[in-house]
$ cat data_6.txt   # compact mmCIF, C-alpha atoms and all ligand atoms
# COMPACT_ATOMS: atom_id res chain seq x y z
CA MET A 262 19.22 28.01 -13.70
CA SER A 263 17.84 27.02 -17.05
CA ALA A 264 18.87 25.99 -20.54
CA VAL A 265 17.53 29.25 -21.96
CA ARG A 266 19.13 32.65 -22.25
CA ARG A 267 17.94 36.04 -23.43
CA VAL A 268 19.82 37.61 -26.32
CA GLY A 269 18.63 40.82 -27.98
CA GLY A 270 15.32 40.63 -26.13
CA GLU A 271 14.60 37.10 -27.39
CA LEU A 272 14.67 33.82 -25.52
CA TRP A 273 17.02 31.24 -27.04
CA MET A 274 17.73 27.57 -26.37
CA GLU A 275 21.12 26.58 -27.79
CA GLY A 276 21.20 28.06 -31.32
CA VAL A 277 17.43 28.31 -31.76
CA ARG A 278 15.03 31.15 -31.00
CA LEU A 279 12.14 29.78 -28.95
CA SER A 280 9.63 32.06 -30.69
CA GLU A 281 10.49 30.15 -33.89
CA VAL A 282 9.86 26.82 -32.16
CA ALA A 283 6.48 28.09 -30.96
CA SER A 284 5.46 29.26 -34.45
CA ARG A 285 6.73 26.18 -36.23
CA PHE A 286 5.35 23.48 -33.93
CA GLY A 287 2.46 25.39 -32.31
CA THR A 288 1.68 25.83 -28.63
CA PRO A 289 1.57 24.41 -26.05
CA CYS A 290 4.79 22.59 -26.83
CA TYR A 291 7.70 21.20 -24.84
CA ALA A 292 11.29 21.96 -25.92
CA TYR A 293 14.35 20.21 -24.46
CA SER A 294 18.04 21.06 -24.90
CA ARG A 295 20.20 18.11 -25.88
CA ALA A 296 23.36 19.88 -24.67
CA ALA A 297 21.81 20.62 -21.27
CA ILE A 298 20.74 16.98 -20.81
CA GLU A 299 24.19 15.74 -21.78
CA SER A 300 26.07 18.14 -19.55
CA ALA A 301 23.86 17.38 -16.55
CA TRP A 302 24.46 13.62 -16.94
CA GLN A 303 28.19 14.15 -17.49
CA ALA A 304 28.41 16.23 -14.31
CA PHE A 305 27.54 13.06 -12.35
CA ASP A 306 29.69 10.76 -14.42
CA ARG A 307 32.72 13.03 -14.25
CA ALA A 308 32.44 13.68 -10.51
CA LEU A 309 32.40 9.90 -9.96
CA ALA A 310 35.30 9.14 -12.32
CA GLY A 311 37.42 7.58 -9.56
CA THR A 312 34.62 5.37 -8.19
CA GLU A 313 33.07 2.27 -9.76
CA HIS A 314 29.62 3.60 -10.56
CA LEU A 315 26.56 3.62 -12.77
CA VAL A 316 24.37 6.69 -13.21
CA CYS A 317 20.87 5.33 -13.81
CA TYR A 318 18.64 8.09 -15.16
CA ALA A 319 15.18 7.88 -13.55
CA VAL A 320 13.01 7.42 -16.63
CA LYS A 321 9.82 8.63 -14.96
CA ALA A 322 11.11 12.24 -14.94
CA ASN A 323 10.93 12.43 -18.75
CA SER A 324 10.51 9.30 -20.81
CA ASN A 325 10.52 10.62 -24.37
CA LEU A 326 12.45 8.18 -26.60
CA ALA A 327 14.73 10.97 -27.86
CA VAL A 328 15.69 11.92 -24.29
CA LEU A 329 16.37 8.26 -23.45
CA GLY A 330 18.34 7.84 -26.68
CA ILE A 331 20.55 10.86 -25.93
CA LEU A 332 21.38 9.34 -22.54
CA ALA A 333 21.80 5.78 -23.87
CA ARG A 334 24.44 7.08 -26.28
CA LEU A 335 26.39 8.49 -23.32
CA GLY A 336 26.35 5.03 -21.70
CA SER A 337 23.72 5.86 -19.10
CA GLY A 338 21.93 3.30 -17.02
CA PHE A 339 18.19 3.64 -16.40
CA ASP A 340 15.99 3.41 -13.33
CA ILE A 341 12.53 2.21 -14.36
CA VAL A 342 9.27 1.79 -12.45
CA SER A 343 7.15 -0.15 -14.97
CA GLY A 344 7.17 -2.54 -17.89
CA GLY A 345 6.22 0.41 -20.09
CA GLU A 346 9.38 2.24 -19.10
CA LEU A 347 11.47 -0.90 -19.77
CA ALA A 348 10.01 -1.09 -23.29
CA ARG A 349 10.83 2.59 -23.86
CA VAL A 350 14.44 2.15 -22.70
CA LEU A 351 14.97 -0.82 -25.00
CA ALA A 352 13.27 0.95 -27.93
CA ALA A 353 15.58 3.94 -27.41
CA GLY A 354 18.71 1.77 -27.54
CA GLY A 355 19.34 1.51 -23.78
CA ARG A 356 21.12 -1.59 -22.49
CA ALA A 357 19.07 -4.01 -20.38
CA ASP A 358 22.10 -4.87 -18.25
CA ARG A 359 22.16 -1.23 -17.13
CA VAL A 360 18.51 -1.17 -16.03
CA ILE A 361 17.41 -1.03 -12.40
CA PHE A 362 13.72 -1.79 -11.67
CA SER A 363 12.22 0.21 -8.78
CA GLY A 364 8.62 0.51 -7.55
CA VAL A 365 6.30 -0.91 -4.89
CA GLY A 366 3.83 -2.69 -7.15
CA LYS A 367 5.69 -4.64 -9.83
CA GLY A 368 3.21 -6.85 -11.70
CA GLU A 369 3.91 -10.45 -12.74
CA ASP A 370 4.12 -9.55 -16.42
CA GLU A 371 6.46 -6.67 -15.68
CA ILE A 372 8.78 -8.88 -13.63
CA ARG A 373 8.77 -11.56 -16.33
CA ALA A 374 9.61 -9.04 -19.06
CA ALA A 375 12.47 -7.58 -16.98
CA LEU A 376 13.89 -11.05 -16.20
CA MET A 377 13.73 -12.06 -19.85
CA ALA A 378 15.44 -8.83 -20.90
CA GLY A 379 18.23 -9.51 -18.37
CA ILE A 380 18.14 -6.33 -16.30
CA ARG A 381 20.88 -5.48 -13.81
CA CYS A 382 18.85 -5.45 -10.60
CA PHE A 383 15.40 -5.43 -9.03
CA ASN A 384 15.02 -2.91 -6.22
CA VAL A 385 12.58 -4.90 -4.09
CA GLU A 386 10.25 -3.07 -1.72
CA SER A 387 8.52 -5.84 0.27
CA GLU A 388 8.74 -9.46 1.43
CA PRO A 389 5.83 -10.63 -0.78
CA GLU A 390 7.59 -9.06 -3.76
CA LEU A 391 10.68 -11.19 -2.94
CA GLU A 392 8.51 -14.30 -3.04
CA ARG A 393 6.82 -13.34 -6.29
CA LEU A 394 10.18 -12.57 -7.89
CA ASP A 395 11.61 -15.92 -6.71
CA ALA A 396 8.65 -17.85 -8.14
CA ILE A 397 8.81 -16.15 -11.54
CA ALA A 398 12.61 -16.57 -11.74
CA ARG A 399 12.18 -20.27 -10.94
CA ALA A 400 9.58 -20.69 -13.70
CA LEU A 401 11.94 -19.02 -16.19
CA GLY A 402 14.98 -20.97 -14.96
CA VAL A 403 16.99 -17.84 -14.07
CA ARG A 404 18.26 -16.13 -10.93
CA ALA A 405 17.00 -12.64 -10.21
CA PRO A 406 19.52 -10.05 -8.99
CA VAL A 407 18.02 -8.15 -6.06
CA SER A 408 18.66 -5.17 -3.88
CA LEU A 409 16.34 -4.27 -1.01
CA ARG A 410 15.01 -0.74 -0.89
CA VAL A 411 15.23 0.17 2.75
CA ASN A 412 13.46 3.07 4.35
CA PRO A 413 16.16 4.86 6.35
CA ASP A 414 13.54 6.91 8.24
CA VAL A 415 15.09 10.30 7.58
CA ASP A 416 13.22 13.48 6.78
CA ALA A 417 14.17 14.77 3.33
CA ARG A 418 12.75 18.19 4.25
CA THR A 419 10.94 18.51 0.96
CA HIS A 420 7.23 18.69 0.01
CA PRO A 421 5.29 15.88 1.78
CA TYR A 422 3.93 14.58 -1.57
CA ILE A 423 7.49 13.95 -2.79
CA SER A 424 8.99 12.77 0.49
CA THR A 425 9.45 9.00 0.57
CA GLY A 426 11.97 8.12 3.28
CA LEU A 427 9.93 8.51 6.46
CA LYS A 428 8.26 5.80 8.53
CA GLY A 429 4.64 5.32 7.52
CA ASN A 430 5.42 5.92 3.87
CA LYS A 431 4.42 3.18 1.39
CA PHE A 432 7.95 3.01 -0.04
CA GLY A 433 10.75 0.69 1.01
CA ILE A 434 11.22 -1.87 3.75
CA ALA A 435 11.13 -0.45 7.27
CA HIS A 436 14.59 -0.04 8.77
CA ASP A 437 13.86 -2.41 11.67
CA ARG A 438 12.63 -5.18 9.34
CA ALA A 439 15.46 -4.91 6.84
CA LEU A 440 17.76 -7.56 8.35
CA ALA A 441 14.98 -10.14 8.47
CA ALA A 442 14.02 -9.30 4.87
CA TYR A 443 17.64 -9.84 3.79
CA GLY A 444 17.52 -13.22 5.56
CA LEU A 445 14.43 -14.14 3.58
CA ALA A 446 15.98 -12.94 0.29
CA ALA A 447 19.14 -14.98 0.88
CA SER A 448 17.07 -18.09 1.63
CA LEU A 449 15.16 -17.97 -1.67
CA PRO A 450 17.05 -20.11 -4.18
CA ASN A 451 16.21 -18.15 -7.32
CA LEU A 452 17.34 -14.79 -6.01
CA GLU A 453 20.86 -13.41 -5.93
CA VAL A 454 21.26 -10.66 -3.34
CA THR A 455 23.56 -8.01 -4.79
CA GLY A 456 22.89 -4.69 -3.13
CA ILE A 457 21.00 -2.23 -1.00
CA ASP A 458 19.15 0.92 -2.02
CA CYS A 459 17.22 3.89 -0.74
CA HIS A 460 15.47 6.94 -2.14
CA ILE A 461 14.25 9.42 0.43
CA GLY A 462 12.36 11.94 -1.67
CA SER A 463 12.60 14.42 -4.50
CA GLN A 464 13.70 18.03 -5.00
CA ILE A 465 16.01 17.79 -1.97
CA LEU A 466 18.06 20.96 -1.60
CA ASP A 467 19.74 20.18 1.70
CA MET A 468 22.61 17.65 1.70
CA ALA A 469 22.26 16.73 5.39
CA PRO A 470 19.34 14.26 5.02
CA LEU A 471 21.09 12.61 2.08
CA GLU A 472 24.23 12.14 4.16
CA GLU A 473 22.16 10.80 7.02
CA ALA A 474 20.52 8.27 4.68
CA LEU A 475 23.96 7.28 3.31
CA GLU A 476 25.22 6.54 6.83
CA ARG A 477 22.13 4.51 7.76
CA VAL A 478 22.36 2.49 4.54
CA LEU A 479 26.07 1.76 5.09
CA GLU A 480 25.38 0.70 8.68
CA LEU A 481 22.70 -1.69 7.46
CA ALA A 482 24.93 -3.02 4.69
CA ALA A 483 27.56 -3.84 7.32
CA ALA A 484 24.97 -5.58 9.49
CA VAL A 485 23.75 -7.58 6.47
CA ALA A 486 27.34 -8.60 5.66
CA ALA A 487 27.83 -9.66 9.28
CA ARG A 488 24.93 -12.10 8.75
CA GLY A 489 26.89 -13.71 5.92
CA ILE A 490 25.19 -11.83 3.08
CA PRO A 491 27.89 -9.68 1.43
CA LEU A 492 26.61 -6.87 -0.78
CA ARG A 493 28.31 -5.60 -3.92
CA HIS A 494 26.58 -2.29 -4.57
CA VAL A 495 25.00 0.63 -2.78
CA ASP A 496 22.27 2.57 -4.59
CA LEU A 497 21.47 5.97 -3.10
CA GLY A 498 18.53 6.78 -5.37
CA GLY A 499 17.86 10.22 -6.81
CA GLY A 500 16.05 13.21 -5.39
CA LEU A 501 18.73 15.84 -5.94
CA GLY A 502 17.05 19.22 -6.10
CA ILE A 503 17.42 21.76 -8.89
CA ARG A 504 17.04 25.51 -8.94
CA TYR A 505 13.55 26.60 -9.98
CA ARG A 506 13.84 30.20 -8.82
CA GLU A 507 16.70 32.57 -8.42
CA GLU A 508 16.60 32.66 -4.62
CA GLU A 509 17.08 28.89 -4.54
CA GLU A 510 20.42 27.14 -4.44
CA ALA A 511 20.50 23.82 -6.31
CA LEU A 512 22.00 20.84 -4.57
CA ASP A 513 25.67 20.79 -5.57
CA ILE A 514 26.02 17.62 -7.64
CA GLY A 515 29.83 17.72 -7.62
CA ARG A 516 29.90 18.05 -3.84
CA TRP A 517 27.37 15.27 -3.28
CA CYS A 518 29.23 12.92 -5.61
CA ALA A 519 32.57 13.76 -3.96
CA THR A 520 31.07 13.14 -0.51
CA VAL A 521 29.70 9.75 -1.53
CA ALA A 522 32.88 8.77 -3.37
CA ALA A 523 35.01 9.64 -0.33
CA ARG A 524 32.70 7.70 2.00
CA LEU A 525 32.68 4.60 -0.23
CA ALA A 526 36.45 4.60 -0.83
CA GLY A 527 37.92 1.37 0.50
CA THR A 528 34.54 -0.26 1.21
CA GLY A 529 34.56 -2.28 -2.01
CA TYR A 530 31.00 -1.24 -2.87
CA SER A 531 30.19 0.01 -6.31
CA LEU A 532 27.77 2.95 -6.47
CA VAL A 533 24.47 3.41 -8.26
CA LEU A 534 22.67 6.77 -8.40
CA GLU A 535 19.19 7.36 -9.85
CA PRO A 536 18.87 11.06 -10.67
CA GLY A 537 15.87 12.15 -12.72
CA ARG A 538 14.99 15.79 -12.17
CA ALA A 539 18.66 16.84 -11.85
CA ILE A 540 19.29 15.61 -15.41
CA VAL A 541 16.29 16.92 -17.31
CA GLY A 542 14.51 19.50 -15.10
CA ASN A 543 16.35 22.57 -16.21
CA ALA A 544 16.88 21.24 -19.73
CA GLY A 545 13.25 21.81 -20.75
CA VAL A 546 10.65 24.54 -21.17
CA LEU A 547 6.94 24.55 -21.89
CA LEU A 548 6.04 27.06 -24.60
CA SER A 549 2.63 28.68 -24.52
CA ARG A 550 0.73 31.65 -25.90
CA VAL A 551 -1.40 34.29 -24.19
CA GLU A 552 -5.08 33.91 -25.14
CA TYR A 553 -6.74 36.64 -23.07
CA LEU A 554 -5.95 39.18 -20.40
CA LYS A 555 -8.85 39.35 -17.98
CA LEU A 556 -9.49 41.82 -15.18
CA ASP A 557 -11.61 40.57 -12.30
CA LYS A 558 -12.22 42.54 -9.07
CA GLY A 559 -8.80 44.12 -9.22
CA LYS A 560 -7.09 40.79 -10.00
CA ARG A 561 -5.52 40.32 -13.38
CA PHE A 562 -5.47 36.95 -15.09
CA ALA A 563 -3.33 36.01 -18.06
CA ILE A 564 -5.19 33.11 -19.61
CA VAL A 565 -2.73 31.09 -21.67
CA ASP A 566 -3.05 27.99 -23.86
CA ALA A 567 -1.02 25.73 -21.53
CA SER A 568 -2.64 24.34 -18.40
CA MET A 569 -2.46 21.85 -15.57
CA SER A 570 -3.17 19.18 -18.21
CA GLU A 571 0.31 19.80 -19.65
CA LEU A 572 2.15 20.82 -16.45
CA ILE A 573 0.52 19.77 -13.20
CA ARG A 574 3.33 20.62 -10.76
CA PRO A 575 2.04 24.05 -9.71
CA ALA A 576 -1.48 22.66 -9.12
CA LEU A 577 -0.27 19.48 -7.41
CA TYR A 578 2.64 20.70 -5.25
CA GLU A 579 2.28 24.48 -5.42
CA ALA A 580 5.55 24.30 -7.33
CA TRP A 581 7.07 27.53 -8.64
CA HIS A 582 8.14 27.82 -12.27
CA GLU A 583 9.60 30.96 -13.75
CA ILE A 584 7.43 32.39 -16.55
CA SER A 585 9.04 34.56 -19.17
CA PRO A 586 7.88 36.18 -22.44
CA LEU A 587 9.60 34.77 -25.54
CA ALA A 588 10.34 38.31 -26.73
CA THR A 589 10.75 41.54 -24.82
CA LEU A 590 8.08 43.74 -26.37
CA ASP A 591 6.76 47.19 -25.66
CA ARG A 592 3.75 46.26 -23.49
CA PRO A 593 2.33 47.68 -20.29
CA GLU A 594 3.69 45.65 -17.37
CA ALA A 595 1.30 44.30 -14.72
CA ALA A 596 1.05 41.52 -12.13
CA TYR A 597 -0.89 38.52 -13.41
CA ASP A 598 -2.03 35.16 -12.22
CA VAL A 599 -1.07 32.97 -15.17
CA VAL A 600 -3.82 30.37 -15.63
CA GLY A 601 -4.91 27.81 -18.21
CA PRO A 602 -8.24 27.07 -19.89
CA VAL A 603 -9.02 23.97 -17.78
CA CYS A 604 -12.16 23.94 -15.64
CA GLU A 605 -10.47 23.82 -12.23
CA SER A 606 -9.57 26.68 -9.92
CA SER A 607 -6.26 24.93 -9.30
CA ASP A 608 -5.39 25.31 -12.99
CA VAL A 609 -2.71 27.88 -12.22
CA LEU A 610 0.81 28.01 -13.67
CA GLY A 611 2.03 30.94 -11.60
CA THR A 612 0.56 33.62 -9.34
CA ASP A 613 1.34 37.31 -9.08
CA ARG A 614 3.91 37.48 -11.89
CA ARG A 615 4.99 40.84 -13.26
CA LEU A 616 4.84 40.44 -17.01
CA ALA A 617 4.81 42.77 -20.02
CA ILE A 618 2.50 40.78 -22.29
CA ALA A 619 -0.44 41.10 -24.67
CA PRO A 620 -2.79 38.53 -26.24
CA GLY A 621 -0.99 36.47 -28.87
CA ASP A 622 2.44 36.80 -27.21
CA GLY A 623 4.52 33.69 -26.66
CA ILE A 624 5.69 32.77 -23.17
CA ALA A 625 7.95 30.07 -21.76
CA ILE A 626 7.40 28.23 -18.50
CA LEU A 627 10.94 27.39 -17.45
CA SER A 628 12.48 24.35 -15.74
CA ALA A 629 9.71 22.14 -17.10
CA GLY A 630 11.85 19.26 -18.40
CA ALA A 631 11.12 16.94 -15.45
CA TYR A 632 7.68 15.73 -14.34
CA GLY A 633 6.07 17.84 -17.05
CA MET A 634 5.03 15.89 -20.15
CA VAL A 635 5.16 12.58 -18.25
CA MET A 636 2.45 13.77 -15.85
CA SER A 637 0.30 15.35 -18.55
CA SER A 638 -3.25 14.18 -19.09
CA ASN A 639 -6.07 14.56 -21.56
CA TYR A 640 -8.30 16.22 -18.95
CA ASN A 641 -10.88 18.43 -20.67
CA SER A 642 -10.13 16.43 -23.86
CA ARG A 643 -6.97 18.37 -24.54
CA PRO A 644 -4.53 16.68 -26.94
CA ARG A 645 -1.08 16.30 -25.38
CA PRO A 646 1.45 18.80 -26.73
CA ALA A 647 4.27 18.23 -29.21
CA GLU A 648 7.80 17.67 -27.90
CA VAL A 649 10.86 19.12 -29.60
CA VAL A 650 14.57 18.57 -28.98
CA ILE A 651 16.92 21.47 -29.69
CA ASP A 652 20.29 20.19 -30.88
CA GLY A 653 22.66 23.03 -31.78
CA ASP A 654 20.82 25.03 -34.41
CA ARG A 655 18.32 22.25 -35.21
CA ALA A 656 14.85 21.89 -33.71
CA VAL A 657 13.59 18.31 -34.13
CA GLN A 658 10.03 17.29 -33.31
CA VAL A 659 10.38 14.08 -31.26
CA ARG A 660 6.70 13.59 -30.48
CA ALA A 661 3.83 14.85 -32.57
CA ARG A 662 1.02 16.77 -30.96
CA GLU A 663 -1.90 14.41 -30.34
CA THR A 664 -4.86 14.77 -32.65
CA ILE A 665 -8.41 15.23 -31.39
CA ASP A 666 -9.47 11.99 -33.16
CA SER A 667 -6.78 10.01 -31.32
CA LEU A 668 -8.31 11.04 -27.98
CA PHE A 669 -11.34 8.78 -28.47
CA ALA A 670 -9.94 6.30 -30.99
CA GLY A 671 -10.35 3.39 -28.53
CA GLU A 672 -13.86 4.35 -27.44
CA THR A 673 -17.23 3.18 -28.76
CA THR A 674 -20.85 4.18 -28.36
CA LEU A 675 -23.49 1.59 -27.43
CA ASP A 676 -25.85 0.14 -30.09
C1 LIG B 1 11.41 9.25 -8.60
C2 LIG B 1 12.54 8.39 -8.27
C3 LIG B 1 13.84 8.76 -8.62
C4 LIG B 1 14.18 10.07 -9.29
O1 LIG B 1 13.88 11.15 -8.45
P1 LIG B 1 14.38 12.62 -8.86
O2 LIG B 1 13.87 13.47 -7.75
O3 LIG B 1 13.73 12.94 -10.15
O4 LIG B 1 15.85 12.58 -8.96
C5 LIG B 1 14.86 7.87 -8.33
N1 LIG B 1 14.62 6.68 -7.71
C6 LIG B 1 13.39 6.31 -7.35
C7 LIG B 1 13.20 5.02 -6.69
C8 LIG B 1 12.31 7.14 -7.61
O5 LIG B 1 11.08 6.77 -7.24

$ encode --input "data_6.txt" --output "structure tokens" --more "lines below"
Ligand SMILES: *Cc1c(COP(=O)(O)O)cnc(C)c1O
Amino acid sequence: MSAVRRVGGELWMEGVRLSEVASRFGTPCYAYSRAAIESAWQAFDRALAGTEHLVCYAVKANSNLAVLGILARLGSGFDIVSGGELARVLAAGGRADRVIFSGVGKGEDEIRAALMAGIRCFNVESEPELERLDAIARALGVRAPVSLRVNPDVDARTHPYISTGLKGNKFGIAHDRALAAYGLAASLPNLEVTGIDCHIGSQILDMAPLEEALERVLELAAAVAARGIPLRHVDLGGGLGIRYREEEEALDIGRWCATVAARLAGTGYSLVLEPGRAIVGNAGVLLSRVEYLKLDKGKRFAIVDASMSELIRPALYEAWHEISPLATLDRPEAAYDVVGPVCESSDVLGTDRRLAIAPGDGIAILSAGAYGMVMSSNYNSRPRPAEVVIDGDRAVQVRARETIDSLFAGETTLD
């Protein structure tokens, strides 16, 4: 379920004790396992060995340069949603010709930067975006490779905030407008239509909606080809769900890849996938320390030094993360709501957890490698935490904790 294991009462990540990471780098602090990131990416790459493919890691899940660099060295592609993410990928040694640019609101500067870098494909989400892309490509004297993100109108059966493939959602081009949009794309002289893509949501645990989306996309691709616009690749997005709690069953990556590979065999399409969470989610933990134990009207709170500012998923999606002490110590066990110091009632990391803890003890919030640090904020003027990569028996700080001064470095008072 996670890149950590308990040995002799202590929580370890690879060859490093997490209590040592917490003492050395302070808390709150994110720690990621290099081996776990690599093996998750390789699970995709290996399962697709017989199919022409590119695994494009979705940068928004965790965009630390060290994480991107680890994946770039494996030959990964990258799915980006902004000019900022493009700059990160290039700074980390990622190849521009393996970059896919997704997102509904690509700005002119972002499009220009991506065209000048020579990215592999723009996943276009609307007709006006096609026109903007054509105009900028013309001005630069290049042709822009495009895929249309279609909305297959299937229910991913996941949380509504992370479901993106239903009608009425802002993402993608409606299924019934897709053919006309392909006609427009093919008519614009500075675009080169290369593929089709979809992405129906995130943390999907059930393969049926993914298969349904695959069929709808292939049907559309055939209809597009019948209009004289042959496509070269099919991009099925990301969204593959991981296991956050024991009762859950992760989506089987090997099975999904085998299903897709079998379905694409003989079609001539190459395959692009855009997994984010499935690569980094279980590779990371958020380390924290207990500040106070507080008893209130029969409810017990463990107030810890991590909060919704560092990990917003529980507050935003009621997401469940396992919480575990860094060391098994002789403490009275009780059920706690684990909460942070932030001034919001939603600042909860976990409710009703049986924990044997005392003030000062270290804890780990597990499966925090995806949509953790990237969604952090400075709310309540909290400096963002340090990030550490565990590589064998080394612990390397890959982002320094923010300083208080840096929080208002760009601000001024009036005369
Ligand atoms: C967010 C996103 C992904 C990655 O989703 P995961 O659930 O992290 O795998 C892939 N493609 C697109 C277009 C996205 O918006």

$ residues_near_ligand --input "data_6.txt" --ligand "ligand LIG 1 (chain B)" --cutoff "8 Å" --atoms "all atoms listed in the file" --output "list in words"
Tyr318, Ala319, Val320, Lys321, Ala322, Asp340, Val342, Ser363, Gly364, Cys459, His460, Gly462, Ser463, Gln464, Ile465, Gly498, Gly499, Gly500, Leu501, Gly502, Leu534, Glu535, Pro536, Gly537, Arg538, Ala539, Ile540, Ala631 and Tyr632 of chain A

$ write_last_selection --input "data_6.txt" --atoms "C-alpha atoms" --output "PDB file, in the frame of the given file"
ATOM      1  CA  TYR A 318      18.640   8.090 -15.160  1.00  0.00           C
ATOM      2  CA  ALA A 319      15.180   7.880 -13.550  1.00  0.00           C
ATOM      3  CA  VAL A 320      13.010   7.420 -16.630  1.00  0.00           C
ATOM      4  CA  LYS A 321       9.820   8.630 -14.960  1.00  0.00           C
ATOM      5  CA  ALA A 322      11.110  12.240 -14.940  1.00  0.00           C
ATOM      6  CA  ASP A 340      15.990   3.410 -13.330  1.00  0.00           C
ATOM      7  CA  VAL A 342       9.270   1.790 -12.450  1.00  0.00           C
ATOM      8  CA  SER A 363      12.220   0.210  -8.780  1.00  0.00           C
ATOM      9  CA  GLY A 364       8.620   0.510  -7.550  1.00  0.00           C
ATOM     10  CA  CYS A 459      17.220   3.890  -0.740  1.00  0.00           C
ATOM     11  CA  HIS A 460      15.470   6.940  -2.140  1.00  0.00           C
ATOM     12  CA  GLY A 462      12.360  11.940  -1.670  1.00  0.00           C
ATOM     13  CA  SER A 463      12.600  14.420  -4.500  1.00  0.00           C
ATOM     14  CA  GLN A 464      13.700  18.030  -5.000  1.00  0.00           C
ATOM     15  CA  ILE A 465      16.010  17.790  -1.970  1.00  0.00           C
ATOM     16  CA  GLY A 498      18.530   6.780  -5.370  1.00  0.00           C
ATOM     17  CA  GLY A 499      17.860  10.220  -6.810  1.00  0.00           C
ATOM     18  CA  GLY A 500      16.050  13.210  -5.390  1.00  0.00           C
ATOM     19  CA  LEU A 501      18.730  15.840  -5.940  1.00  0.00           C
ATOM     20  CA  GLY A 502      17.050  19.220  -6.100  1.00  0.00           C
ATOM     21  CA  LEU A 534      22.670   6.770  -8.400  1.00  0.00           C
ATOM     22  CA  GLU A 535      19.190   7.360  -9.850  1.00  0.00           C
ATOM     23  CA  PRO A 536      18.870  11.060 -10.670  1.00  0.00           C
ATOM     24  CA  GLY A 537      15.870  12.150 -12.720  1.00  0.00           C
ATOM     25  CA  ARG A 538      14.990  15.790 -12.170  1.00  0.00           C
ATOM     26  CA  ALA A 539      18.660  16.840 -11.850  1.00  0.00           C
ATOM     27  CA  ILE A 540      19.290  15.610 -15.410  1.00  0.00           C
ATOM     28  CA  ALA A 631      11.120  16.940 -15.450  1.00  0.00           C
ATOM     29  CA  TYR A 632       7.680  15.730 -14.340  1.00  0.00           C
TER      30      TYR A 632
END

$ residues_around --input "data_6.txt" --residues "Phe562 in chain A" --least-positions-apart "4" --cutoff "8 Å" --atoms "all atoms listed in the file" --output "PyMOL selection string"
chain A and resi 554-557+597-600

$ residues_around --input "data_6.txt" --residues "range 581-593 of chain A" --least-positions-apart "5" --cutoff "10 Å" --atoms "all atoms listed in the file" --output "PyMOL selection string"
chain A and resi 263+267-273+278-281+283+504-507+546-551+574-576+599+610-612+614-619+622-629

$ closest_residue --input "data_6.txt" --among "A:Leu326, A:Val282, A:Leu309, A:Met636" --to "Val659 in chain A" --atoms "all atoms listed in the file"
A:Leu326

$ residues_near_point --input "data_6.txt" --point "(6.6, 22.3, -1.1)" --cutoff "8 Å" --atoms "only C-alpha atoms" --output "VMD selection string"
chain A and resid 419 to 421 578 to 580

$ residues_around --input "data_6.txt" --residues "Ala441 in chain A" --least-positions-apart "4" --cutoff "10 Å" --atoms "only C-alpha atoms" --output "NGL selection string"
:A and (388 or 437 or 445-447 or 485)

$ write_last_selection --input "data_6.txt" --atoms "C-alpha atoms" --output "mmCIF file, keeping the file's coordinate frame"
data_model
loop_
_atom_site.group_PDB
_atom_site.id
_atom_site.type_symbol
_atom_site.label_atom_id
_atom_site.label_comp_id
_atom_site.auth_asym_id
_atom_site.auth_seq_id
_atom_site.Cartn_x
_atom_site.Cartn_y
_atom_site.Cartn_z
ATOM 1 C CA GLU A 388 8.740 -9.460 1.430
ATOM 2 C CA ASP A 437 13.860 -2.410 11.670
ATOM 3 C CA LEU A 445 14.430 -14.140 3.580
ATOM 4 C CA ALA A 446 15.980 -12.940 0.290
ATOM 5 C CA ALA A 447 19.140 -14.980 0.880
ATOM 6 C CA VAL A 485 23.750 -7.580 6.470
#

$ closest_residue --input "data_6.txt" --among "A:Lys367, A:Arg643, A:Arg373, A:Arg334" --to "Leu401 in chain A" --atoms "only C-alpha atoms"
A:Arg373

$ atom_distance --input "data_6.txt" --atom1 "CA of Arg516 in chain A" --atom2 "CA of Met468 in chain A"
9.2 Å

$ atom_distance --input "data_6.txt" --atom1 "CA of Gly311 in chain A" --atom2 "CA of Leu497 in chain A"
17.3 Å

$ closest_residue --input "data_6.txt" --among "A:Pro289, A:Ala327, A:His314, A:Arg488" --to "Val565 in chain A" --atoms "all atoms listed in the file"
A:Pro289

$ closest_residue --input "data_6.txt" --among "A:Leu452, A:Val533, A:Asp676, A:His436" --to "Phe339 in chain A" --atoms "all atoms listed in the file"
A:Val533

$ atom_distance --input "data_6.txt" --atom1 "CA of Val541 in chain A" --atom2 "CA of Ser387 in chain A"
29.8 Å

$ residues_around --input "data_6.txt" --residues "Arg295 in chain A" --least-positions-apart "4" --cutoff "9 Å" --atoms "all atoms listed in the file" --output "JSON, numbers by chain"
{"A": [275, 299, 300, 328, 331, 544, 650, 651, 652, 653]}

$ write_last_selection --input "data_6.txt" --atoms "C-alpha atoms" --output "CSV table (one decimal), in the frame of the given file"
chain,number,residue,atom,x,y,z
A,275,GLU,CA,21.1,26.6,-27.8
A,299,GLU,CA,24.2,15.7,-21.8
A,300,SER,CA,26.1,18.1,-19.6
A,328,VAL,CA,15.7,11.9,-24.3
A,331,ILE,CA,20.6,10.9,-25.9
A,544,ALA,CA,16.9,21.2,-19.7
A,650,VAL,CA,14.6,18.6,-29.0
A,651,ILE,CA,16.9,21.5,-29.7
A,652,ASP,CA,20.3,20.2,-30.9
A,653,GLY,CA,22.7,23.0,-31.8

$ closest_residue --input "data_6.txt" --among "A:Glu509, A:Glu571, A:Glu605, A:Asp458" --to "Gly633 in chain A" --atoms "only C-alpha atoms"
A:Glu571

$ residues_near_point --input "data_6.txt" --point "(28.2, -1.8, -4.2)" --cutoff "6 Å" --atoms "all atoms listed in the file" --output "short mmCIF file (atom, residue, chain, number, x, y, z; two decimals) with C-alpha atoms, keeping the file's coordinate frame"
data_model
loop_
_atom_site.label_atom_id
_atom_site.label_comp_id
_atom_site.auth_asym_id
_atom_site.auth_seq_id
_atom_site.Cartn_x
_atom_site.Cartn_y
_atom_site.Cartn_z
CA ARG A 493 28.31 -5.60 -3.92
CA HIS A 494 26.58 -2.29 -4.57
CA VAL A 495 25.00 0.63 -2.78
CA TYR A 530 31.00 -1.24 -2.87
CA SER A 531 30.19 0.01 -6.31
CA LEU A 532 27.77 2.95 -6.47
#
